[in-house]
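Containing compact mmCIF, C-alpha atoms and all ligand atoms: target_21.txt.
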# COMPACT_ATOMS: atom_id res chain seq x y z
CA MET A 51 100.12 91.95 87.99
CA ARG A 52 100.35 95.54 86.77
CA VAL A 53 100.26 97.73 89.87
CA ILE A 54 100.09 101.52 89.85
CA VAL A 55 101.48 103.13 93.02
CA ILE A 56 100.65 106.80 93.52
CA GLY A 57 103.06 108.51 95.91
CA ALA A 58 105.66 105.86 95.09
CA ALA A 59 108.64 108.04 96.05
CA GLY A 60 107.23 108.88 99.48
CA ALA A 61 107.96 107.18 102.79
CA VAL A 62 104.84 105.00 102.72
CA GLY A 63 104.66 104.54 98.95
CA ASN A 64 108.22 103.28 98.93
CA CYS A 65 107.21 100.50 101.34
CA ALA A 66 104.55 99.37 98.89
CA VAL A 67 106.96 99.54 95.95
CA GLU A 68 109.61 97.56 97.85
CA ALA A 69 107.07 94.91 98.82
CA LEU A 70 105.59 94.47 95.35
CA SER A 71 108.18 95.28 92.69
CA ALA A 72 110.03 91.95 92.78
CA ARG A 73 106.90 90.05 91.74
CA HIS A 74 104.90 92.61 89.78
CA GLU A 75 105.19 95.36 87.21
CA VAL A 76 105.00 98.53 89.29
CA ILE A 77 104.12 101.85 87.64
CA ARG A 78 105.37 104.65 89.89
CA VAL A 79 103.39 107.89 90.04
CA GLY A 80 104.17 111.21 91.74
CA ARG A 81 103.74 114.89 91.15
CA SER A 82 107.44 115.48 90.56
CA SER A 83 108.87 112.00 89.96
CA GLY A 84 107.97 108.54 88.69
CA ASP A 85 107.06 106.74 85.47
CA ILE A 86 103.96 108.95 85.24
CA ARG A 87 103.57 112.47 86.67
CA ALA A 88 100.12 113.24 88.00
CA ASP A 89 98.45 115.41 90.64
CA ILE A 90 95.58 113.40 92.09
CA GLU A 91 94.04 116.55 93.59
CA ASP A 92 93.07 117.34 89.99
CA VAL A 93 90.48 114.96 88.50
CA ASP A 94 91.64 115.68 84.93
CA SER A 95 95.15 114.69 85.97
CA ILE A 96 93.81 111.41 87.45
CA ARG A 97 92.03 110.68 84.14
CA ALA A 98 95.20 111.43 82.15
CA MET A 99 97.22 109.20 84.49
CA TYR A 100 94.86 106.25 83.96
CA ARG A 101 94.83 106.79 80.20
CA GLU A 102 98.64 106.78 80.14
CA ALA A 103 98.93 103.72 82.41
CA GLY A 104 96.30 101.64 80.61
CA LYS A 105 94.67 98.63 82.26
CA VAL A 106 95.97 97.71 85.70
CA ASP A 107 95.28 94.98 88.25
CA ALA A 108 95.87 97.10 91.34
CA VAL A 109 95.80 100.76 92.30
CA VAL A 110 97.74 101.71 95.45
CA SER A 111 97.51 105.23 96.84
CA ALA A 112 99.99 106.47 99.47
CA VAL A 113 99.28 110.19 99.29
CA GLY A 114 97.80 112.89 101.44
CA HIS A 115 98.20 115.43 104.18
CA GLY A 116 95.99 117.48 106.44
CA TYR A 117 96.05 120.49 108.73
CA PHE A 118 97.57 120.16 112.18
CA GLY A 119 96.38 122.51 114.92
CA PRO A 120 94.05 122.68 117.94
CA VAL A 121 90.39 122.17 117.09
CA HIS A 122 89.28 125.30 119.00
CA GLU A 123 91.47 127.47 116.74
CA MET A 124 90.79 125.66 113.46
CA THR A 125 88.92 127.36 110.65
CA SER A 126 86.62 125.56 108.27
CA GLU A 127 89.14 126.24 105.47
CA GLN A 128 91.92 124.62 107.49
CA PHE A 129 89.73 121.59 108.24
CA MET A 130 89.03 121.23 104.53
CA GLN A 131 92.74 120.56 103.92
CA GLY A 132 92.24 117.01 105.17
CA ILE A 133 89.28 116.60 102.82
CA ASN A 134 90.94 118.22 99.81
CA HIS A 135 94.48 116.86 100.19
CA LYS A 136 93.88 113.39 101.65
CA LEU A 137 90.28 112.14 101.46
CA LEU A 138 88.93 113.41 98.15
CA PRO A 139 91.98 112.68 95.95
CA GLN A 140 92.02 109.05 97.11
CA VAL A 141 88.26 108.65 96.71
CA ASN A 142 88.53 110.14 93.21
CA LEU A 143 91.18 107.56 92.31
CA VAL A 144 88.51 104.94 92.92
CA LEU A 145 85.63 106.80 91.26
CA GLU A 146 87.71 107.45 88.12
CA GLY A 147 89.41 104.06 88.09
CA PHE A 148 86.69 101.58 87.16
CA ASP A 149 87.29 101.74 83.40
CA PHE A 150 90.96 101.00 83.93
CA ILE A 151 91.00 98.28 86.58
CA ASN A 152 90.77 94.65 85.53
CA ASP A 153 88.23 92.13 86.86
CA ARG A 154 89.19 90.93 90.38
CA GLY A 155 91.57 93.88 90.68
CA SER A 156 92.00 95.97 93.81
CA PHE A 157 92.16 99.50 95.15
CA THR A 158 94.30 100.15 98.23
CA LEU A 159 94.12 103.54 99.95
CA THR A 160 96.11 104.92 102.89
CA SER A 161 94.75 106.46 106.10
CA GLY A 162 96.72 106.46 109.37
CA VAL A 163 96.72 106.05 113.12
CA LEU A 164 95.13 109.33 114.24
CA ASN A 165 91.50 108.25 114.24
CA ARG A 166 92.24 105.41 116.68
CA ASP A 167 95.08 106.90 118.75
CA PRO A 168 94.82 110.71 118.63
CA ILE A 169 97.44 113.35 119.28
CA PRO A 170 96.90 117.03 120.14
CA GLY A 171 96.13 119.00 116.99
CA GLY A 172 95.32 115.89 114.96
CA SER A 173 91.54 116.17 114.54
CA CYS A 174 91.65 117.21 110.87
CA ALA A 175 93.82 114.21 109.94
CA ALA A 176 91.74 111.95 112.21
CA ALA A 177 88.59 112.96 110.33
CA ALA A 178 90.15 112.27 106.93
CA ASN A 179 91.44 108.90 108.14
CA GLY A 180 88.07 107.91 109.59
CA ALA A 181 86.33 108.90 106.38
CA LEU A 182 88.74 106.80 104.31
CA ASP A 183 88.29 103.79 106.61
CA GLY A 184 84.51 104.20 106.34
CA PHE A 185 84.62 104.69 102.59
CA VAL A 186 86.32 101.36 101.89
CA LEU A 187 83.91 99.51 104.20
CA GLY A 188 80.92 101.03 102.46
CA ALA A 189 82.31 100.81 98.94
CA ALA A 190 83.42 97.18 99.23
CA VAL A 191 79.85 95.92 99.11
CA ASP A 192 79.18 97.80 95.85
CA MET A 193 82.31 96.77 93.98
CA PRO A 194 81.58 95.21 90.57
CA ARG A 195 83.50 92.43 88.77
CA GLY A 196 85.13 91.03 91.92
CA ILE A 197 87.11 94.22 92.49
CA ARG A 198 88.36 94.60 96.08
CA ILE A 199 89.00 97.76 98.09
CA ASN A 200 91.00 98.15 101.32
CA VAL A 201 92.88 100.79 103.26
CA VAL A 202 96.24 100.54 105.02
CA SER A 203 96.40 102.45 108.32
CA PRO A 204 99.98 102.59 109.59
CA GLU A 205 101.44 103.94 112.81
CA VAL A 206 104.31 106.40 112.37
CA LEU A 207 107.01 104.87 110.18
CA GLU A 208 110.49 104.40 111.58
CA VAL A 209 111.83 106.35 108.56
CA SER A 210 109.49 109.26 109.43
CA ARG A 211 110.56 109.38 113.09
CA GLN A 212 112.56 112.60 112.66
CA LYS A 213 109.88 114.32 110.57
CA TYR A 214 107.29 113.86 113.34
CA GLU A 215 109.68 114.18 116.30
CA GLY A 216 107.76 115.35 119.38
CA PHE A 217 104.29 115.16 117.80
CA PHE A 218 103.44 111.52 118.59
CA PRO A 219 104.46 111.00 122.23
CA GLY A 220 104.45 107.33 123.19
CA HIS A 221 103.62 106.05 119.73
CA VAL A 222 105.53 103.10 118.32
CA HIS A 223 107.42 103.36 115.04
CA VAL A 224 106.82 100.69 112.43
CA SER A 225 109.27 99.19 109.96
CA ASN A 226 109.14 99.55 106.20
CA GLU A 227 108.82 95.77 106.02
CA ALA A 228 105.71 95.69 108.25
CA VAL A 229 104.08 98.47 106.22
CA GLY A 230 105.03 96.76 102.95
CA LEU A 231 103.42 93.52 104.10
CA ALA A 232 100.11 95.32 104.61
CA TYR A 233 100.17 96.55 100.99
CA SER A 234 101.17 93.06 99.89
CA LYS A 235 98.16 91.60 101.71
CA ALA A 236 95.86 94.21 100.21
CA VAL A 237 97.10 93.71 96.63
CA GLU A 238 97.95 90.00 96.58
CA GLY A 239 95.48 88.71 99.16
CA CYS A 240 91.76 88.05 99.05
CA LEU A 241 90.18 90.36 101.64
CA THR A 242 88.02 93.38 100.92
CA GLY A 243 86.47 96.20 102.93
CA GLN A 244 89.32 95.95 105.43
CA VAL A 245 91.38 98.43 107.39
CA PHE A 246 94.86 96.89 107.59
CA ILE A 247 96.30 98.36 110.77
CA VAL A 248 100.09 98.38 111.10
CA ASP A 249 101.23 99.13 114.64
N1 LIG B 301 104.98 108.65 107.08
C1 LIG B 301 104.27 108.13 108.06
O1 LIG B 301 104.79 107.81 109.15
C2 LIG B 301 102.80 107.86 107.87
C3 LIG B 301 102.12 107.07 108.82
C4 LIG B 301 100.77 106.83 108.66
C5 LIG B 301 100.09 107.32 107.56
N2 LIG B 301 100.78 108.10 106.65
C6 LIG B 301 100.01 108.60 105.50
O2 LIG B 301 100.57 108.08 104.32
C7 LIG B 301 100.41 109.01 103.24
C8 LIG B 301 101.77 109.30 102.61
O3 LIG B 301 102.60 109.82 103.62
P1 LIG B 301 104.19 109.89 103.45
O4 LIG B 301 104.77 110.13 104.79
O5 LIG B 301 104.65 108.72 102.64
O6 LIG B 301 104.32 111.22 102.58
P2 LIG B 301 105.58 111.72 101.74
O7 LIG B 301 106.83 111.03 102.20
O8 LIG B 301 105.52 113.19 101.76
O9 LIG B 301 105.27 111.19 100.27
C9 LIG B 301 104.14 111.55 99.58
C10 LIG B 301 104.33 111.15 98.13
O10 LIG B 301 103.11 111.36 97.45
C11 LIG B 301 103.33 112.20 96.34
N3 LIG B 301 102.18 113.09 96.24
C12 LIG B 301 101.77 113.98 97.18
N4 LIG B 301 100.66 114.60 96.78
C13 LIG B 301 100.38 114.10 95.56
C14 LIG B 301 99.36 114.36 94.61
N5 LIG B 301 98.42 115.27 94.85
N6 LIG B 301 99.36 113.66 93.46
C15 LIG B 301 100.31 112.74 93.21
N7 LIG B 301 101.31 112.45 94.07
C16 LIG B 301 101.34 113.13 95.23
C17 LIG B 301 104.60 112.94 96.59
O11 LIG B 301 105.24 113.20 95.37
P3 LIG B 301 105.76 114.69 95.05
O12 LIG B 301 106.74 115.01 96.15
O13 LIG B 301 106.38 114.51 93.72
O14 LIG B 301 104.55 115.56 95.07
C18 LIG B 301 105.40 111.93 97.43
O15 LIG B 301 106.12 111.05 96.60
C19 LIG B 301 99.75 110.25 103.88
O16 LIG B 301 98.35 110.16 103.69
C20 LIG B 301 100.08 110.11 105.35
O17 LIG B 301 99.15 110.75 106.17
C21 LIG B 301 102.11 108.37 106.77
Can you present the structure in this file as structure tokens?
Ligand SMILES: NC(=O)c1ccc[n+]([C@@H]2O[C@H](COP(=O)([O-])OP(=O)(O)OC[C@H]3O[C@@H](n4cnc5c(N)ncnc54)[C@H](OP(=O)(O)O)[C@@H]3O)[C@@H](O)[C@H]2O)c1
Amino acid sequence: MRVIVIGAAGAVGNCAVEALSARHEVIRVGRSSGDIRADIEDVDSIRAMYREAGKVDAVVSAVGHGYFGPVHEMTSEQFMQGINHKLLPQVNLVLEGFDFINDRGSFTLTSGVLNRDPIPGGSCAAAANGALDGFVLGAAVDMPRGIRINVVSPEVLEVSRQKYEGFFPGHVHVSNEAVGLAYSKAVEGCLTGQVFIVD
């Protein structure tokens, strides 16, 4: 398969690359590194990325961030960070991808743990995650040509333990292998409309 991984150099994207690259041609995408440079917050950049990549069998997105802070102090602009930096770019990868994805191909997006196991200050990220989980469920029933769509929702990665130190009290940390297996299932498996929880 030809698999395009957006955010390939990141903590989560690297898990997908490690899990898939031995068996498939992986095209790595990032803003500042990779086989193709693209900013998926910019729809024109998404279109250019697909044109450069050509036809693919799978699109994997491991990108996104939101605003962290207490809900009673959050502004509408801050809340929109989760929409603009995590939800919308990943949705646009799907909306713009149909001309470039082969029959029976797949889209795999990335959400996260915060809409099922919240932390203080995590409501913006929780909303983006919940929207992504809902989007794949709703979109799966519309998908043409046998195309599948899923989302991987990991707990905090072991490799990200230091980055999030103190923010996720009591949460488990998951291995790169466990996260990679979820992307493997999404890309190489048969399910659609699923949230693959890794915890
Ligand atoms: N790490 C965790 O423990 C964890 C757990 C659950 C869910 N998640 C979710 O997984 C996703 C990725 O997180 P991460 O920890 O892997 O982040 P990360 O380590 O910061 O990596 C993000 C990667 O995505 C690329 N990227 C960011 N914005 C982009 C854009 N607009 N267009 C193209 N590429 C872009 C970055 O490349 P450049 O640096 O070149 O821009 C980087 O390679 C996020 O949605 C996060 O919420 C992470």
Next on the checklist: At a cut-off of 9 Å and counting only C-alpha atoms and all ligand atoms, what residues surround ligand LIG 301 (chain B)? Please answer as JSON, numbers by chain.
Outcome noted: {"A": [56, 57, 58, 59, 60, 61, 62, 63, 64, 65, 79, 80, 81, 82, 83, 84, 87, 88, 89, 90, 91, 92, 95, 96, 111, 112, 113, 114, 115, 116, 135, 136, 137, 139, 159, 160, 161, 162, 163, 164, 175, 179, 202, 203, 204, 205, 206, 207, 208, 209, 210, 211, 213, 214, 223, 224, 248]}
Item to check | Straight-line distance linking CA of Val106 in chain A with CA of Gln131 in chain A, stated in Å to one decimal | outcome: 29.4 Å
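Closest to Ala232 in chain A among A:Val76, A:Leu187, A:Ile197, A:Val67 is A:Val67, based on only C-alpha atoms.
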Item to check | Residue with smallest distance to Asp192 in chain A - pool A:Val121, A:Val237, A:Leu145, A:Met51, counting all atoms listed in the file | outcome: A:Leu145
Item to check | Residue with smallest distance to Glu123 in chain A - pool A:Pro219, A:Gln140, A:Lys105, A:Ser173, counting all atoms listed in the file | outcome: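 Among the listed residues, A:Ser173 lies closest to Glu123 in chain A.
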Next on the checklist: If I take CA of Ser71 in chain A and CA of Met99 in chain A, how far is one from the other in Å, to one decimal?
Outcome noted: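 Rounded to one decimal, the two atoms are 19.5 Å apart.
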Next on the checklist: Rounded to one decimal, what separation in Å do you get between CA of Met124 in chain A and CA of Pro168 in chain A?
Outcome noted: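 Result for CA of Met124 in chain A versus CA of Pro168 in chain A: 16.3 Å, one decimal.
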Item to check | Selected residue, from A:Leu138, A:Ala103, A:Leu241, A:Leu70, that lies nearest to Gly155 in chain A when counting all atoms listed in the file | outcome: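 Among A:Leu138, A:Ala103, A:Leu241, A:Leu70, it is A:Leu241 that comes nearest to Gly155 in chain A.
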Next on the checklist: Would you pick out the contacts of Ala69 in chain A at 9 Å or less, using all atoms listed in the file, so that residues sharing its chain but fewer than 3 positions from it are not included, and give the list as an NGL selection string?
Outcome noted: :A and (64-66 or 72-73 or 226-227 or 229-231 or 233-234)
Item to check | Nearest candidate to Phe118 in chain A (options A:Gly104, A:Gly239, A:Gly220, A:Ala177; using all atoms listed in the file) | outcome: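 Among the listed residues, A:Ala177 lies closest to Phe118 in chain A.
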Checklist entry - Nearest to Ile247 in chain A among A:Asp183, A:Gly147, A:Tyr100, A:Gly188, with distances taken over only C-alpha atoms: which residue is it? => result A:Asp183
Item to check | Non-local contacts of Arg52 in chain A (9 Å; only C-alpha atoms; under 2 positions in same chain excluded) as a list of chain:residue names | outcome: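 Returned residues: A:Ile54, A:His74, A:Glu75, A:Val76, A:Ile77, A:Lys105, A:Val106, A:Asp107, A:Ala108, A:Val109.
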Put those residues in a file: C-alpha atoms, as a PDB file, in the frame of the given file.
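Output contents, as saved in part.pdb:
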ATOM      1  CA  ILE A  54     100.090 101.520  89.850  1.00  0.00           C
ATOM      2  CA  HIS A  74     104.900  92.610  89.780  1.00  0.00           C
ATOM      3  CA  GLU A  75     105.190  95.360  87.210  1.00  0.00           C
ATOM      4  CA  VAL A  76     105.000  98.530  89.290  1.00  0.00           C
ATOM      5  CA  ILE A  77     104.120 101.850  87.640  1.00  0.00           C
ATOM      6  CA  LYS A 105      94.670  98.630  82.260  1.00  0.00           C
ATOM      7  CA  VAL A 106      95.970  97.710  85.700  1.00  0.00           C
ATOM      8  CA  ASP A 107      95.280  94.980  88.250  1.00  0.00           C
ATOM      9  CA  ALA A 108      95.870  97.100  91.340  1.00  0.00           C
ATOM     10  CA  VAL A 109      95.800 100.760  92.300  1.00  0.00           C
TER      11      VAL A 109
END
